[in-house]
Amino acid sequence: MSAVLSAAGFPEEQVRHRARAGAAAAFPALESYGSSLLGAVPAGQDPYDLLERARIVPPVFMPERLKKLIDLAREPLYTDVELDTRVGGFASRLPLYVSAFGSTQVASHDLGEAAGRQAGQLGIPMVIGENVVPVNGFRAAADSGVSPLLGRIAAYTAAADDDEHGGVVVQQSTEDADAEVWNLVYSDPVSEPLLATGRLAFELKVGQGAKPGLGGLTVLGREAGDRVAEQYAMDPVFGADSESVLRISSPGTFTEEILRQQIRLMRNNFPRVKVWVKLHPGRDIAQAAATAWAAGADSVTVDGAEGGTAWAPTAFLGQVGLPLGECLTRIGRTDHCLLASGRIWEGSRAAKALALGARAVGLGRAALLAVDEDAEAGLVRLAESIALELRLLISSVGKYHANALEADDVLLPNDAVTASITG
């Protein structure tokens, strides 16, 4: 590095890093791939994170508590709060679901299956992300082996303690459609127990919070890149001599009519599954969600800009897309099933999202970290801690069911209130 120039108050080292690394500097350090979970600005440091700035505000007078007192014939406690709900057409024991992990290295096989087992034990839905089949195949080479996708489904089904709670959701993007992922899953024997009990859904991926407007991005070795070169474009951003290449997925192209037709095709072609739609945090999020519900979607998932477990350009992680709280306020409360994900890891953030209209919240990075900590029970314990906090918080505002929370239970920052009134 030159010792001639300096630039106090300017991001000098970042500029010098770009001068050394070129296009590769648009991404996090390559050495972190496969061991780091990426997301937006660190929690508590994002001035646009409405959910962090909002407060839960208990009232003094609590008529719902009086109703519960009469029903129980005693003073109600937080332990009387019920958390079971309907999530995208499934019965769920908690207002939680496991978000999509996709085909990234951190979620393949062991961690993905561990998350599947524990989600099944908890009786909450689990989403399997895009590009798992095009990258890893539908079935393993050995007859006795299974792919990460089938392995997660089998692990979930085997661990479930009944056939009434939870469900598995299989996501599909452009390349997945080319690989006929939904057709394969729909007709595979592994899926039959879920189909027979109404616990299988397909999710149309319109976008994701970590990369709004972009498709999936994954780092592959040259040999692995060559294997999937017919399905994906490759970009040698790490240098012509690097053993790593960037695998690019198409984000797909949507208009209102295209989205409507896609949902109708899903309902017609796969009548035994629930239909989910996942939206990135676009500025027209309310219109997109309304379009999906009007076309017959059982659930719409809003992935806030704080979300993400996969590889993303650093410019996107802190600068692109609406924060989750803003998405929720733009959509507003609705009778339809709205799911929300984006830096959910504890009960207060979850409760605020529920009060602003979400039916349930998704665990992405938190779920992976939990199963990485303890592959047998880490996610179960994480969910138990969130459930306890939810019961405490919901009880504190005089409510006794997760879906009873309302917008009045949350105090939004003054600037957010002003924007919602004038916008």
# chains A, B, ... in the order shown; residues from 1 in each chain; ligands from 1
>>> select_by_dssp(residues="range 102-250 of chain A", states="strand (DSSP E)", output="PDB file with N, CA and C atoms, in the first residue's frame")
ATOM      1  N   MET A 126     -41.756 -25.752   7.597  1.00  0.00           N
ATOM      2  CA  MET A 126     -40.382 -25.554   7.148  1.00  0.00           C
ATOM      3  C   MET A 126     -40.384 -25.323   5.644  1.00  0.00           C
ATOM      4  N   VAL A 127     -39.658 -24.295   5.197  1.00  0.00           N
ATOM      5  CA  VAL A 127     -39.532 -23.993   3.774  1.00  0.00           C
ATOM      6  C   VAL A 127     -38.179 -24.481   3.286  1.00  0.00           C
ATOM      7  N   ILE A 128     -38.181 -25.198   2.166  1.00  0.00           N
ATOM      8  CA  ILE A 128     -36.939 -25.630   1.518  1.00  0.00           C
ATOM      9  C   ILE A 128     -36.712 -24.715   0.327  1.00  0.00           C
ATOM     10  N   VAL A 168     -44.355 -28.972   5.066  1.00  0.00           N
ATOM     11  CA  VAL A 168     -43.140 -28.692   4.298  1.00  0.00           C
ATOM     12  C   VAL A 168     -43.518 -27.870   3.075  1.00  0.00           C
ATOM     13  N   VAL A 169     -42.725 -26.850   2.809  1.00  0.00           N
ATOM     14  CA  VAL A 169     -42.960 -25.949   1.684  1.00  0.00           C
ATOM     15  C   VAL A 169     -41.743 -26.017   0.764  1.00  0.00           C
ATOM     16  N   VAL A 170     -41.952 -26.316  -0.503  1.00  0.00           N
ATOM     17  CA  VAL A 170     -40.855 -26.437  -1.464  1.00  0.00           C
ATOM     18  C   VAL A 170     -40.900 -25.235  -2.395  1.00  0.00           C
ATOM     19  N   GLN A 171     -39.821 -24.492  -2.393  1.00  0.00           N
ATOM     20  CA  GLN A 171     -39.729 -23.276  -3.187  1.00  0.00           C
ATOM     21  C   GLN A 171     -39.256 -23.609  -4.606  1.00  0.00           C
ATOM     22  N   GLN A 172     -39.680 -22.784  -5.557  1.00  0.00           N
ATOM     23  CA  GLN A 172     -39.226 -22.982  -6.933  1.00  0.00           C
ATOM     24  C   GLN A 172     -38.958 -21.630  -7.576  1.00  0.00           C
ATOM     25  N   LEU A 200     -48.249 -30.348   2.562  1.00  0.00           N
ATOM     26  CA  LEU A 200     -47.243 -29.991   1.566  1.00  0.00           C
ATOM     27  C   LEU A 200     -47.701 -28.728   0.847  1.00  0.00           C
ATOM     28  N   ALA A 201     -46.763 -27.792   0.668  1.00  0.00           N
ATOM     29  CA  ALA A 201     -47.046 -26.558  -0.067  1.00  0.00           C
ATOM     30  C   ALA A 201     -45.917 -26.309  -1.057  1.00  0.00           C
ATOM     31  N   PHE A 202     -46.235 -25.595  -2.116  1.00  0.00           N
ATOM     32  CA  PHE A 202     -45.233 -25.121  -3.061  1.00  0.00           C
ATOM     33  C   PHE A 202     -45.210 -23.595  -2.982  1.00  0.00           C
ATOM     34  N   GLU A 203     -44.002 -23.042  -2.959  1.00  0.00           N
ATOM     35  CA  GLU A 203     -43.854 -21.593  -2.849  1.00  0.00           C
ATOM     36  C   GLU A 203     -43.215 -21.034  -4.112  1.00  0.00           C
ATOM     37  N   LEU A 204     -43.913 -20.101  -4.741  1.00  0.00           N
ATOM     38  CA  LEU A 204     -43.385 -19.390  -5.896  1.00  0.00           C
ATOM     39  C   LEU A 204     -42.480 -18.285  -5.395  1.00  0.00           C
ATOM     40  N   LYS A 205     -41.209 -18.341  -5.776  1.00  0.00           N
ATOM     41  CA  LYS A 205     -40.264 -17.339  -5.305  1.00  0.00           C
ATOM     42  C   LYS A 205     -40.242 -16.162  -6.274  1.00  0.00           C
ATOM     43  N   LEU A 217     -27.380 -16.127  -5.796  1.00  0.00           N
ATOM     44  CA  LEU A 217     -25.955 -16.050  -6.134  1.00  0.00           C
ATOM     45  C   LEU A 217     -25.212 -17.010  -5.216  1.00  0.00           C
ATOM     46  N   THR A 218     -24.431 -17.886  -5.804  1.00  0.00           N
ATOM     47  CA  THR A 218     -23.719 -18.889  -5.032  1.00  0.00           C
ATOM     48  C   THR A 218     -22.303 -19.035  -5.565  1.00  0.00           C
ATOM     49  N   VAL A 219     -21.355 -19.241  -4.673  1.00  0.00           N
ATOM     50  CA  VAL A 219     -19.974 -19.477  -5.080  1.00  0.00           C
ATOM     51  C   VAL A 219     -19.757 -20.968  -5.291  1.00  0.00           C
ATOM     52  N   LEU A 220     -19.204 -21.324  -6.425  1.00  0.00           N
ATOM     53  CA  LEU A 220     -18.898 -22.721  -6.742  1.00  0.00           C
ATOM     54  C   LEU A 220     -17.440 -22.851  -7.148  1.00  0.00           C
ATOM     55  N   GLY A 221     -16.892 -24.050  -6.940  1.00  0.00           N
ATOM     56  CA  GLY A 221     -15.596 -24.363  -7.513  1.00  0.00           C
ATOM     57  C   GLY A 221     -15.727 -24.504  -9.020  1.00  0.00           C
ATOM     58  N   ALA A 233     -25.818 -19.298 -15.522  1.00  0.00           N
ATOM     59  CA  ALA A 233     -24.729 -18.459 -16.015  1.00  0.00           C
ATOM     60  C   ALA A 233     -23.650 -18.386 -14.930  1.00  0.00           C
ATOM     61  N   MET A 234     -22.417 -18.194 -15.360  1.00  0.00           N
ATOM     62  CA  MET A 234     -21.288 -18.071 -14.434  1.00  0.00           C
ATOM     63  C   MET A 234     -20.586 -16.737 -14.677  1.00  0.00           C
ATOM     64  N   ASP A 235     -20.074 -16.156 -13.610  1.00  0.00           N
ATOM     65  CA  ASP A 235     -19.335 -14.900 -13.717  1.00  0.00           C
ATOM     66  C   ASP A 235     -18.016 -15.060 -12.961  1.00  0.00           C
ATOM     67  N   SER A 244     -12.678 -20.315  -7.845  1.00  0.00           N
ATOM     68  CA  SER A 244     -14.068 -20.041  -7.502  1.00  0.00           C
ATOM     69  C   SER A 244     -14.731 -19.194  -8.580  1.00  0.00           C
ATOM     70  N   VAL A 245     -16.004 -19.499  -8.841  1.00  0.00           N
ATOM     71  CA  VAL A 245     -16.799 -18.709  -9.780  1.00  0.00           C
ATOM     72  C   VAL A 245     -18.125 -18.370  -9.125  1.00  0.00           C
ATOM     73  N   LEU A 246     -18.769 -17.317  -9.615  1.00  0.00           N
ATOM     74  CA  LEU A 246     -20.061 -16.911  -9.097  1.00  0.00           C
ATOM     75  C   LEU A 246     -21.154 -17.513  -9.974  1.00  0.00           C
ATOM     76  N   ARG A 247     -22.013 -18.330  -9.367  1.00  0.00           N
ATOM     77  CA  ARG A 247     -23.144 -18.911 -10.091  1.00  0.00           C
ATOM     78  C   ARG A 247     -24.333 -17.977  -9.960  1.00  0.00           C
ATOM     79  N   ILE A 248     -24.916 -17.627 -11.108  1.00  0.00           N
ATOM     80  CA  ILE A 248     -25.986 -16.634 -11.158  1.00  0.00           C
ATOM     81  C   ILE A 248     -27.313 -17.323 -11.455  1.00  0.00           C
TER      82      ILE A 248
END
>>> residues_around(residues="Ala350 in chain A", least_positions_apart="6", cutoff="8 Å", atoms="only C-alpha atoms", output="PDB file with N, CA and C atoms, in the first residue's frame")
ATOM      1  N   ILE A 344     -35.396 -12.151  12.567  1.00  0.00           N
ATOM      2  CA  ILE A 344     -36.218 -12.616  13.689  1.00  0.00           C
ATOM      3  C   ILE A 344     -35.397 -13.609  14.504  1.00  0.00           C
ATOM      4  N   VAL A 361     -43.857 -15.637  11.968  1.00  0.00           N
ATOM      5  CA  VAL A 361     -42.569 -15.080  11.579  1.00  0.00           C
ATOM      6  C   VAL A 361     -41.579 -16.207  11.295  1.00  0.00           C
ATOM      7  N   LEU A 390     -42.927 -14.523  23.848  1.00  0.00           N
ATOM      8  CA  LEU A 390     -44.200 -14.160  23.238  1.00  0.00           C
ATOM      9  C   LEU A 390     -45.342 -14.232  24.256  1.00  0.00           C
TER      10      LEU A 390
END
>>> select_by_dssp(residues="range 139-329 of chain A", states="alpha helix (DSSP H)", output="MDAnalysis selection string")
chainID A and resid 148:159 174:178 181:187 192:196 222:227 256:269 285:294 314:319 324:329
>>> closest_residue(among="A:Arg267, A:Lys278, A:Arg343, A:Lys211", to="Ala315 in chain A", atoms="only C-alpha atoms")
A:Lys211
>>> residues_around(residues="range 370-375 of chain A", least_positions_apart="3", cutoff="8 Å", atoms="only C-alpha atoms", output="list in words")
Leu111, Ala114, Ala115, Ala366, Ala367, Gly378, Leu379 and Leu382 of chain A
>>> write_last_selection(atoms="C-alpha atoms", output="compact mmCIF listing (two decimals), in the first residue's frame")
# COMPACT_ATOMS: atom_id res chain seq x y z
CA LEU A 111 -27.56 -28.54 9.03
CA ALA A 114 -31.07 -31.11 11.50
CA ALA A 115 -33.31 -28.08 11.01
CA ALA A 366 -31.29 -17.89 13.74
CA ALA A 367 -32.44 -21.41 12.86
CA GLY A 378 -30.74 -26.20 19.36
CA LEU A 379 -33.68 -25.05 17.24
CA LEU A 382 -34.50 -21.38 20.48
>>> residues_around(residues="Leu356 in chain A", least_positions_apart="4", cutoff="8 Å", atoms="only C-alpha atoms", output="PyMOL selection string")
chain A and resi 328-329+332-333+352+406-407+410
>>> residues_around(residues="Leu50 in chain A", least_positions_apart="4", cutoff="7 Å", atoms="only C-alpha atoms", output="list in words")
Ala54, Gly325 and Glu326 of chain A
>>> atom_distance(atom1="CA of Ile56 in chain A", atom2="CA of Gly347 in chain A")
11.2 Å
>>> closest_residue(among="A:Gly151, A:His336, A:Pro63, A:Leu30", to="Glu243 in chain A", atoms="only C-alpha atoms")
A:Leu30
>>> residues_around(residues="range 158-160 of chain A", least_positions_apart="4", cutoff="7 Å", atoms="only C-alpha atoms", output="number ranges by chain")
A: 117, 120-121, 123, 154
>>> closest_residue(among="A:Asp298, A:Glu75, A:Glu230, A:Asp303", to="Leu279 in chain A", atoms="only C-alpha atoms")
A:Asp303
>>> residues_around(residues="Gly88 in chain A", least_positions_apart="3", cutoff="8 Å", atoms="only C-alpha atoms", output="list of chain:residue names")
A:Lys274, A:Val275, A:Trp276, A:Asp298, A:Ser299, A:Val300, A:Cys337
>>> atom_distance(atom1="CA of Gly364 in chain A", atom2="CA of Ser341 in chain A")
7.7 Å
>>> atom_distance(atom1="CA of Ser187 in chain A", atom2="CA of Arg264 in chain A")
19.7 Å
